[in-house]
Amino acid sequence: MADDKKLKVIIFEHDQTILNRFKGLFNFKGHDVLSYSEPDTCPLLTDMQCDCPKDSPCADVLIADMQMGKMSGLEFFEHQRKKGCKTPDGNKLLLGEEITAEQQRAIKNLGCGFIKKPFNAYDVANWVERRATIIYEGSPTMH
């Protein structure tokens with residue numbers, strides 16, 4: 001994959017096995033990957049607004065677990081939106097088990113993706129590939 005097609009992917013997942021699997025998969029596909037077990041590494045949790053340059057969000061794709069210790073992935077994405085996160089909501093993916101009807105509505109209103117656990121890692125990889133196609137105007141980046 002050409003360097004100009006490389007995505008920056010940030011993953012927030014409390015399960016270290018899943019975190020390592022995704023990190024390995026996306027690194028293998030040529031993407032830059034940062035992985036964390038909790039969202040407290042995101043500056044938006046303490047800063048008043050997003051510090052990313054206007055045309056350059058901190059990540060092309062954000063993936064978060066619904067069930068993290070300090071806050072849910074949904075709460076995290078909602079907080080990011082309120083603080084002006086520059087990663088488009090459509091490039092954010094939640095991973096979770098059972099969700100309530102209220103959470104389903106919130107996910108739909110936010111405009112992010114959702115994949116139910118247990119899942120096949122390639123379901124997530126395919127979601128990232130679709131986002132990459134949109135980001136790079138129809139150029140597939142993962143095979």
# chains A, B, ... in the order shown; residues from 1 in each chain; ligands from 1
>>> residues_around(residues="A:Gln103", least_positions_apart="3", cutoff="12 Å", atoms="only C-alpha atoms", output="list of chain:residue names")
A:Met66, A:Ser72, A:Gly73, A:Leu74, A:Glu75, A:Glu78, A:Leu94, A:Gly96, A:Glu97, A:Glu98, A:Ile99, A:Thr100, A:Ala106, A:Ile107, A:Lys108, A:Asn109, A:Leu110, A:Cys112, A:Phe114
>>> write_last_selection(atoms="N, CA and C atoms", output="PDB file, in the first residue's frame")
ATOM      1  N   MET A  66     -17.760  -0.447  23.632  1.00  0.00           N
ATOM      2  CA  MET A  66     -18.890   0.136  24.374  1.00  0.00           C
ATOM      3  C   MET A  66     -18.693   0.023  25.879  1.00  0.00           C
ATOM      4  N   SER A  72     -18.434   4.628  28.689  1.00  0.00           N
ATOM      5  CA  SER A  72     -18.712   3.771  27.529  1.00  0.00           C
ATOM      6  C   SER A  72     -18.139   4.423  26.276  1.00  0.00           C
ATOM      7  N   GLY A  73     -17.948   3.620  25.240  1.00  0.00           N
ATOM      8  CA  GLY A  73     -17.493   4.157  23.974  1.00  0.00           C
ATOM      9  C   GLY A  73     -18.467   5.179  23.421  1.00  0.00           C
ATOM     10  N   LEU A  74     -19.763   4.943  23.622  1.00  0.00           N
ATOM     11  CA  LEU A  74     -20.781   5.884  23.165  1.00  0.00           C
ATOM     12  C   LEU A  74     -20.639   7.225  23.885  1.00  0.00           C
ATOM     13  N   GLU A  75     -20.477   7.186  25.200  1.00  0.00           N
ATOM     14  CA  GLU A  75     -20.274   8.429  25.970  1.00  0.00           C
ATOM     15  C   GLU A  75     -19.010   9.148  25.498  1.00  0.00           C
ATOM     16  N   GLU A  78     -19.714  10.805  22.142  1.00  0.00           N
ATOM     17  CA  GLU A  78     -20.585  11.971  22.356  1.00  0.00           C
ATOM     18  C   GLU A  78     -19.789  13.130  22.951  1.00  0.00           C
ATOM     19  N   LEU A  94     -18.168   1.738  17.049  1.00  0.00           N
ATOM     20  CA  LEU A  94     -18.362   1.171  18.381  1.00  0.00           C
ATOM     21  C   LEU A  94     -18.461  -0.348  18.281  1.00  0.00           C
ATOM     22  N   GLY A  96     -19.666  -3.626  20.630  1.00  0.00           N
ATOM     23  CA  GLY A  96     -20.345  -3.929  21.882  1.00  0.00           C
ATOM     24  C   GLY A  96     -21.208  -5.165  21.814  1.00  0.00           C
ATOM     25  N   GLU A  97     -21.638  -5.575  22.972  1.00  0.00           N
ATOM     26  CA  GLU A  97     -22.519  -6.733  23.075  1.00  0.00           C
ATOM     27  C   GLU A  97     -23.955  -6.250  22.965  1.00  0.00           C
ATOM     28  N   GLU A  98     -24.750  -6.493  23.947  1.00  0.00           N
ATOM     29  CA  GLU A  98     -26.146  -6.056  23.912  1.00  0.00           C
ATOM     30  C   GLU A  98     -26.222  -4.554  24.149  1.00  0.00           C
ATOM     31  N   ILE A  99     -27.050  -3.880  23.345  1.00  0.00           N
ATOM     32  CA  ILE A  99     -27.271  -2.454  23.571  1.00  0.00           C
ATOM     33  C   ILE A  99     -28.770  -2.204  23.669  1.00  0.00           C
ATOM     34  N   THR A 100     -29.103  -1.171  24.388  1.00  0.00           N
ATOM     35  CA  THR A 100     -30.506  -0.833  24.596  1.00  0.00           C
ATOM     36  C   THR A 100     -31.055  -0.089  23.378  1.00  0.00           C
ATOM     37  N   ALA A 106     -29.125   6.610  19.990  1.00  0.00           N
ATOM     38  CA  ALA A 106     -27.992   7.531  20.171  1.00  0.00           C
ATOM     39  C   ALA A 106     -26.894   7.258  19.139  1.00  0.00           C
ATOM     40  N   ILE A 107     -26.636   5.992  18.864  1.00  0.00           N
ATOM     41  CA  ILE A 107     -25.627   5.623  17.860  1.00  0.00           C
ATOM     42  C   ILE A 107     -26.070   6.111  16.486  1.00  0.00           C
ATOM     43  N   LYS A 108     -27.341   5.907  16.171  1.00  0.00           N
ATOM     44  CA  LYS A 108     -27.867   6.361  14.880  1.00  0.00           C
ATOM     45  C   LYS A 108     -27.789   7.883  14.770  1.00  0.00           C
ATOM     46  N   ASN A 109     -28.173   8.590  15.829  1.00  0.00           N
ATOM     47  CA  ASN A 109     -28.121  10.051  15.822  1.00  0.00           C
ATOM     48  C   ASN A 109     -26.690  10.575  15.714  1.00  0.00           C
ATOM     49  N   LEU A 110     -25.760   9.859  16.320  1.00  0.00           N
ATOM     50  CA  LEU A 110     -24.359  10.268  16.264  1.00  0.00           C
ATOM     51  C   LEU A 110     -23.782  10.021  14.869  1.00  0.00           C
ATOM     52  N   CYS A 112     -22.214   7.171  13.910  1.00  0.00           N
ATOM     53  CA  CYS A 112     -21.058   6.281  13.902  1.00  0.00           C
ATOM     54  C   CYS A 112     -21.513   4.853  13.589  1.00  0.00           C
ATOM     55  N   PHE A 114     -21.559   0.613  14.245  1.00  0.00           N
ATOM     56  CA  PHE A 114     -21.660  -0.309  15.387  1.00  0.00           C
ATOM     57  C   PHE A 114     -21.556  -1.732  14.863  1.00  0.00           C
TER      58      PHE A 114
END
>>> residues_around(residues="stretch 6-18 of chain A", least_positions_apart="6", cutoff="7 Å", atoms="only C-alpha atoms", output="PDB file with N, CA and C atoms, in the first residue's frame")
ATOM      1  N   GLY A  30      -0.728  -2.124   6.839  1.00  0.00           N
ATOM      2  CA  GLY A  30       0.054  -0.939   6.511  1.00  0.00           C
ATOM      3  C   GLY A  30      -0.417   0.352   7.154  1.00  0.00           C
ATOM      4  N   HIS A  31      -1.356   0.256   8.079  1.00  0.00           N
ATOM      5  CA  HIS A  31      -1.880   1.457   8.731  1.00  0.00           C
ATOM      6  C   HIS A  31      -1.074   1.764   9.999  1.00  0.00           C
ATOM      7  N   ASP A  32      -1.066   3.039  10.373  1.00  0.00           N
ATOM      8  CA  ASP A  32      -0.493   3.440  11.658  1.00  0.00           C
ATOM      9  C   ASP A  32      -1.562   3.206  12.713  1.00  0.00           C
ATOM     10  N   VAL A  33      -1.189   2.541  13.805  1.00  0.00           N
ATOM     11  CA  VAL A  33      -2.170   2.179  14.825  1.00  0.00           C
ATOM     12  C   VAL A  33      -1.684   2.612  16.199  1.00  0.00           C
ATOM     13  N   LEU A  34      -2.578   3.264  16.933  1.00  0.00           N
ATOM     14  CA  LEU A  34      -2.367   3.537  18.349  1.00  0.00           C
ATOM     15  C   LEU A  34      -3.467   2.785  19.084  1.00  0.00           C
ATOM     16  N   SER A  35      -3.118   2.154  20.189  1.00  0.00           N
ATOM     17  CA  SER A  35      -4.124   1.386  20.917  1.00  0.00           C
ATOM     18  C   SER A  35      -4.038   1.684  22.402  1.00  0.00           C
ATOM     19  N   TYR A  36      -5.222   1.790  23.010  1.00  0.00           N
ATOM     20  CA  TYR A  36      -5.332   2.137  24.423  1.00  0.00           C
ATOM     21  C   TYR A  36      -6.450   1.330  25.057  1.00  0.00           C
ATOM     22  N   SER A  37      -6.314   1.054  26.354  1.00  0.00           N
ATOM     23  CA  SER A  37      -7.360   0.313  27.058  1.00  0.00           C
ATOM     24  C   SER A  37      -8.455   1.228  27.600  1.00  0.00           C
ATOM     25  N   GLU A  38      -8.186   2.522  27.696  1.00  0.00           N
ATOM     26  CA  GLU A  38      -9.170   3.496  28.194  1.00  0.00           C
ATOM     27  C   GLU A  38      -9.070   4.779  27.382  1.00  0.00           C
ATOM     28  N   PRO A  39     -10.154   5.537  27.292  1.00  0.00           N
ATOM     29  CA  PRO A  39     -10.130   6.766  26.496  1.00  0.00           C
ATOM     30  C   PRO A  39      -9.472   7.960  27.176  1.00  0.00           C
ATOM     31  N   ALA A  59      -6.892  11.214  14.066  1.00  0.00           N
ATOM     32  CA  ALA A  59      -7.010   9.885  13.468  1.00  0.00           C
ATOM     33  C   ALA A  59      -7.975   9.930  12.300  1.00  0.00           C
ATOM     34  N   ASP A  60      -7.750   9.036  11.346  1.00  0.00           N
ATOM     35  CA  ASP A  60      -8.701   8.867  10.255  1.00  0.00           C
ATOM     36  C   ASP A  60      -9.894   8.047  10.731  1.00  0.00           C
ATOM     37  N   VAL A  61      -9.619   7.067  11.593  1.00  0.00           N
ATOM     38  CA  VAL A  61     -10.641   6.153  12.100  1.00  0.00           C
ATOM     39  C   VAL A  61     -10.431   5.963  13.595  1.00  0.00           C
ATOM     40  N   LEU A  62     -11.533   6.013  14.351  1.00  0.00           N
ATOM     41  CA  LEU A  62     -11.513   5.715  15.787  1.00  0.00           C
ATOM     42  C   LEU A  62     -12.418   4.526  16.042  1.00  0.00           C
ATOM     43  N   ILE A  63     -11.916   3.566  16.814  1.00  0.00           N
ATOM     44  CA  ILE A  63     -12.689   2.382  17.187  1.00  0.00           C
ATOM     45  C   ILE A  63     -12.705   2.324  18.704  1.00  0.00           C
ATOM     46  N   ALA A  64     -13.902   2.156  19.288  1.00  0.00           N
ATOM     47  CA  ALA A  64     -14.007   2.121  20.752  1.00  0.00           C
ATOM     48  C   ALA A  64     -14.960   1.026  21.200  1.00  0.00           C
ATOM     49  N   ASP A  65     -14.610   0.409  22.305  1.00  0.00           N
ATOM     50  CA  ASP A  65     -15.448  -0.589  22.946  1.00  0.00           C
ATOM     51  C   ASP A  65     -16.583   0.119  23.679  1.00  0.00           C
ATOM     52  N   MET A  68     -16.044   0.171  28.351  1.00  0.00           N
ATOM     53  CA  MET A  68     -14.758   0.474  28.975  1.00  0.00           C
ATOM     54  C   MET A  68     -15.012   0.806  30.439  1.00  0.00           C
TER      55      MET A  68
END
>>> atom_distance(atom1="atom CA of A:Arg130", atom2="atom CA of A:Gly90")
10.8 Å
>>> closest_residue(among="A:Lys29, A:Arg131, A:Arg105, A:Arg21", to="A:Asp89", atoms="only C-alpha atoms")
A:Arg131
>>> select_by_dssp(residues="stretch 46-121 of chain A", states="strand (DSSP E or B)", output="number ranges by chain")
A: 61-65, 92-96, 113-116
>>> write_last_selection(atoms="N, CA and C atoms", output="mmCIF file, in the first residue's frame")
data_model
loop_
_atom_site.group_PDB
_atom_site.id
_atom_site.type_symbol
_atom_site.label_atom_id
_atom_site.label_comp_id
_atom_site.auth_asym_id
_atom_site.auth_seq_id
_atom_site.Cartn_x
_atom_site.Cartn_y
_atom_site.Cartn_z
ATOM 1 N N VAL A 61 -9.619 7.067 11.593
ATOM 2 C CA VAL A 61 -10.641 6.153 12.100
ATOM 3 C C VAL A 61 -10.431 5.963 13.595
ATOM 4 N N LEU A 62 -11.533 6.013 14.351
ATOM 5 C CA LEU A 62 -11.513 5.715 15.787
ATOM 6 C C LEU A 62 -12.418 4.526 16.042
ATOM 7 N N ILE A 63 -11.916 3.566 16.814
ATOM 8 C CA ILE A 63 -12.689 2.382 17.187
ATOM 9 C C ILE A 63 -12.705 2.324 18.704
ATOM 10 N N ALA A 64 -13.902 2.156 19.288
ATOM 11 C CA ALA A 64 -14.007 2.121 20.752
ATOM 12 C C ALA A 64 -14.960 1.026 21.200
ATOM 13 N N ASP A 65 -14.610 0.409 22.305
ATOM 14 C CA ASP A 65 -15.448 -0.589 22.946
ATOM 15 C C ASP A 65 -16.583 0.119 23.679
ATOM 16 N N LYS A 92 -16.100 6.720 12.984
ATOM 17 C CA LYS A 92 -15.969 6.166 14.331
ATOM 18 C C LYS A 92 -16.818 4.909 14.419
ATOM 19 N N LEU A 93 -16.255 3.896 15.061
ATOM 20 C CA LEU A 93 -16.912 2.594 15.167
ATOM 21 C C LEU A 93 -16.975 2.156 16.621
ATOM 22 N N LEU A 94 -18.168 1.738 17.049
ATOM 23 C CA LEU A 94 -18.362 1.171 18.381
ATOM 24 C C LEU A 94 -18.461 -0.348 18.281
ATOM 25 N N LEU A 95 -17.867 -1.025 19.255
ATOM 26 C CA LEU A 95 -17.940 -2.478 19.354
ATOM 27 C C LEU A 95 -18.614 -2.816 20.670
ATOM 28 N N GLY A 96 -19.666 -3.626 20.630
ATOM 29 C CA GLY A 96 -20.345 -3.929 21.882
ATOM 30 C C GLY A 96 -21.208 -5.165 21.814
ATOM 31 N N GLY A 113 -20.555 3.986 13.343
ATOM 32 C CA GLY A 113 -20.854 2.591 13.069
ATOM 33 C C GLY A 113 -20.961 1.794 14.352
ATOM 34 N N PHE A 114 -21.559 0.613 14.245
ATOM 35 C CA PHE A 114 -21.660 -0.309 15.387
ATOM 36 C C PHE A 114 -21.556 -1.732 14.863
ATOM 37 N N ILE A 115 -20.707 -2.525 15.501
ATOM 38 C CA ILE A 115 -20.601 -3.954 15.210
ATOM 39 C C ILE A 115 -20.765 -4.697 16.521
ATOM 40 N N LYS A 116 -21.662 -5.687 16.504
ATOM 41 C CA LYS A 116 -21.997 -6.447 17.706
ATOM 42 C C LYS A 116 -20.948 -7.523 17.984
#
>>> atom_distance(atom1="atom CA of A:Leu19", atom2="atom CA of A:Asp123")
15.1 Å
>>> select_by_dssp(residues="stretch 1-113 of chain A", states="helix (DSSP H, G or I)", output="NGL selection string")
:A and (3-5 or 16-28 or 39-41 or 43-45 or 73-83 or 89-91 or 101-110)
>>> write_last_selection(atoms="N, CA and C atoms", output="CSV table (one decimal), in the first residue's frame")
chain,number,residue,atom,x,y,z
A,3,ASP,N,2.2,4.9,0.9
A,3,ASP,CA,2.1,5.7,2.1
A,3,ASP,C,0.9,6.7,2.1
A,4,ASP,N,0.6,7.2,1.0
A,4,ASP,CA,-0.5,8.2,1.0
A,4,ASP,C,-1.9,7.6,1.2
A,5,LYS,N,-1.9,6.3,1.2
A,5,LYS,CA,-3.2,5.6,1.4
A,5,LYS,C,-3.3,5.0,2.8
A,16,GLN,N,-7.4,-6.8,26.3
A,16,GLN,CA,-6.1,-6.8,25.7
A,16,GLN,C,-6.0,-7.7,24.5
A,17,THR,N,-6.6,-8.9,24.5
A,17,THR,CA,-6.6,-9.8,23.4
A,17,THR,C,-7.1,-9.2,22.1
A,18,ILE,N,-8.3,-8.6,22.2
A,18,ILE,CA,-8.9,-7.9,21.1
A,18,ILE,C,-8.1,-6.7,20.6
A,19,LEU,N,-7.6,-6.0,21.6
A,19,LEU,CA,-6.7,-4.8,21.3
A,19,LEU,C,-5.5,-5.3,20.5
A,20,ASN,N,-4.8,-6.3,20.9
A,20,ASN,CA,-3.6,-6.8,20.2
A,20,ASN,C,-4.0,-7.4,18.8
A,21,ARG,N,-5.1,-8.0,18.7
A,21,ARG,CA,-5.5,-8.6,17.4
A,21,ARG,C,-5.7,-7.5,16.4
A,22,PHE,N,-6.5,-6.4,16.8
A,22,PHE,CA,-6.7,-5.3,15.9
A,22,PHE,C,-5.4,-4.6,15.6
A,23,LYS,N,-4.6,-4.4,16.6
A,23,LYS,CA,-3.3,-3.7,16.3
A,23,LYS,C,-2.5,-4.4,15.3
A,24,GLY,N,-2.4,-5.7,15.5
A,24,GLY,CA,-1.6,-6.6,14.5
A,24,GLY,C,-2.2,-6.5,13.1
A,25,LEU,N,-3.6,-6.7,13.0
A,25,LEU,CA,-4.3,-6.7,11.7
A,25,LEU,C,-4.0,-5.4,11.0
A,26,PHE,N,-4.3,-4.3,11.6
A,26,PHE,CA,-4.2,-3.0,10.9
A,26,PHE,C,-2.7,-2.6,10.7
A,27,ASN,N,-1.8,-3.0,11.5
A,27,ASN,CA,-0.4,-2.8,11.2
A,27,ASN,C,0.0,-3.6,10.0
A,28,PHE,N,-0.5,-4.9,9.9
A,28,PHE,CA,-0.2,-5.8,8.8
A,28,PHE,C,-0.7,-5.1,7.5
A,39,PRO,N,-10.2,5.5,27.3
A,39,PRO,CA,-10.1,6.8,26.5
A,39,PRO,C,-9.5,8.0,27.2
A,40,ASP,N,-8.9,7.8,28.4
A,40,ASP,CA,-8.4,9.0,29.1
A,40,ASP,C,-7.1,9.5,28.5
A,41,THR,N,-6.6,8.9,27.4
A,41,THR,CA,-5.5,9.4,26.7
A,41,THR,C,-5.9,10.5,25.7
A,43,PRO,N,-7.0,13.9,24.6
A,43,PRO,CA,-6.9,15.3,25.2
A,43,PRO,C,-8.3,15.9,25.4
A,44,LEU,N,-9.3,15.5,24.6
A,44,LEU,CA,-10.6,16.1,24.7
A,44,LEU,C,-11.3,15.8,26.1
A,45,LEU,N,-10.8,14.9,26.8
A,45,LEU,CA,-11.4,14.6,28.1
A,45,LEU,C,-11.0,15.6,29.1
A,73,GLY,N,-17.9,3.6,25.2
A,73,GLY,CA,-17.5,4.2,24.0
A,73,GLY,C,-18.5,5.2,23.4
A,74,LEU,N,-19.8,4.9,23.6
A,74,LEU,CA,-20.8,5.9,23.2
A,74,LEU,C,-20.6,7.2,23.9
A,75,GLU,N,-20.5,7.2,25.2
A,75,GLU,CA,-20.3,8.4,26.0
A,75,GLU,C,-19.0,9.1,25.5
A,76,PHE,N,-18.0,8.4,25.2
A,76,PHE,CA,-16.7,8.9,24.7
A,76,PHE,C,-16.9,9.7,23.4
A,77,PHE,N,-17.6,9.0,22.5
A,77,PHE,CA,-17.8,9.7,21.2
A,77,PHE,C,-18.7,10.9,21.3
A,78,GLU,N,-19.7,10.8,22.1
A,78,GLU,CA,-20.6,12.0,22.4
A,78,GLU,C,-19.8,13.1,23.0
A,79,HIS,N,-18.9,12.8,23.9
A,79,HIS,CA,-18.1,13.8,24.5
A,79,HIS,C,-17.1,14.5,23.5
A,80,GLN,N,-16.5,13.6,22.6
A,80,GLN,CA,-15.7,14.1,21.6
A,80,GLN,C,-16.4,15.1,20.7
A,81,ARG,N,-17.7,14.7,20.3
A,81,ARG,CA,-18.4,15.6,19.4
A,81,ARG,C,-18.7,17.0,20.1
A,82,LYS,N,-19.1,17.0,21.3
A,82,LYS,CA,-19.3,18.2,22.1
A,82,LYS,C,-18.1,19.1,22.1
A,83,LYS,N,-16.9,18.5,22.2
A,83,LYS,CA,-15.7,19.2,22.3
A,83,LYS,C,-15.0,19.6,21.0
A,89,ASP,N,-17.8,11.8,12.6
A,89,ASP,CA,-18.5,10.8,13.4
A,89,ASP,C,-18.7,9.5,12.5
A,90,GLY,N,-18.8,9.6,11.2
A,90,GLY,CA,-19.0,8.5,10.4
A,90,GLY,C,-17.7,7.6,10.3
A,91,ASN,N,-16.6,8.1,10.8
A,91,ASN,CA,-15.4,7.4,10.8
A,91,ASN,C,-15.1,6.8,12.2
A,101,ALA,N,-32.4,0.0,23.3
A,101,ALA,CA,-33.0,0.8,22.2
A,101,ALA,C,-32.6,2.2,22.3
A,102,GLU,N,-32.4,2.8,23.5
A,102,GLU,CA,-31.9,4.2,23.7
A,102,GLU,C,-30.5,4.3,23.1
A,103,GLN,N,-29.6,3.3,23.4
A,103,GLN,CA,-28.3,3.4,22.8
A,103,GLN,C,-28.3,3.3,21.3
A,104,GLN,N,-29.2,2.4,20.8
A,104,GLN,CA,-29.3,2.3,19.3
A,104,GLN,C,-29.6,3.6,18.7
A,105,ARG,N,-30.6,4.3,19.3
A,105,ARG,CA,-31.0,5.7,18.8
A,105,ARG,C,-29.8,6.6,18.9
A,106,ALA,N,-29.1,6.6,20.0
A,106,ALA,CA,-28.0,7.5,20.2
A,106,ALA,C,-26.9,7.3,19.1
A,107,ILE,N,-26.6,6.0,18.9
A,107,ILE,CA,-25.6,5.6,17.9
A,107,ILE,C,-26.1,6.1,16.5
A,108,LYS,N,-27.3,5.9,16.2
A,108,LYS,CA,-27.9,6.4,14.9
A,108,LYS,C,-27.8,7.9,14.8
A,109,ASN,N,-28.2,8.6,15.8
A,109,ASN,CA,-28.1,10.1,15.8
A,109,ASN,C,-26.7,10.6,15.7
A,110,LEU,N,-25.8,9.9,16.3
A,110,LEU,CA,-24.4,10.3,16.3
A,110,LEU,C,-23.8,10.0,14.9
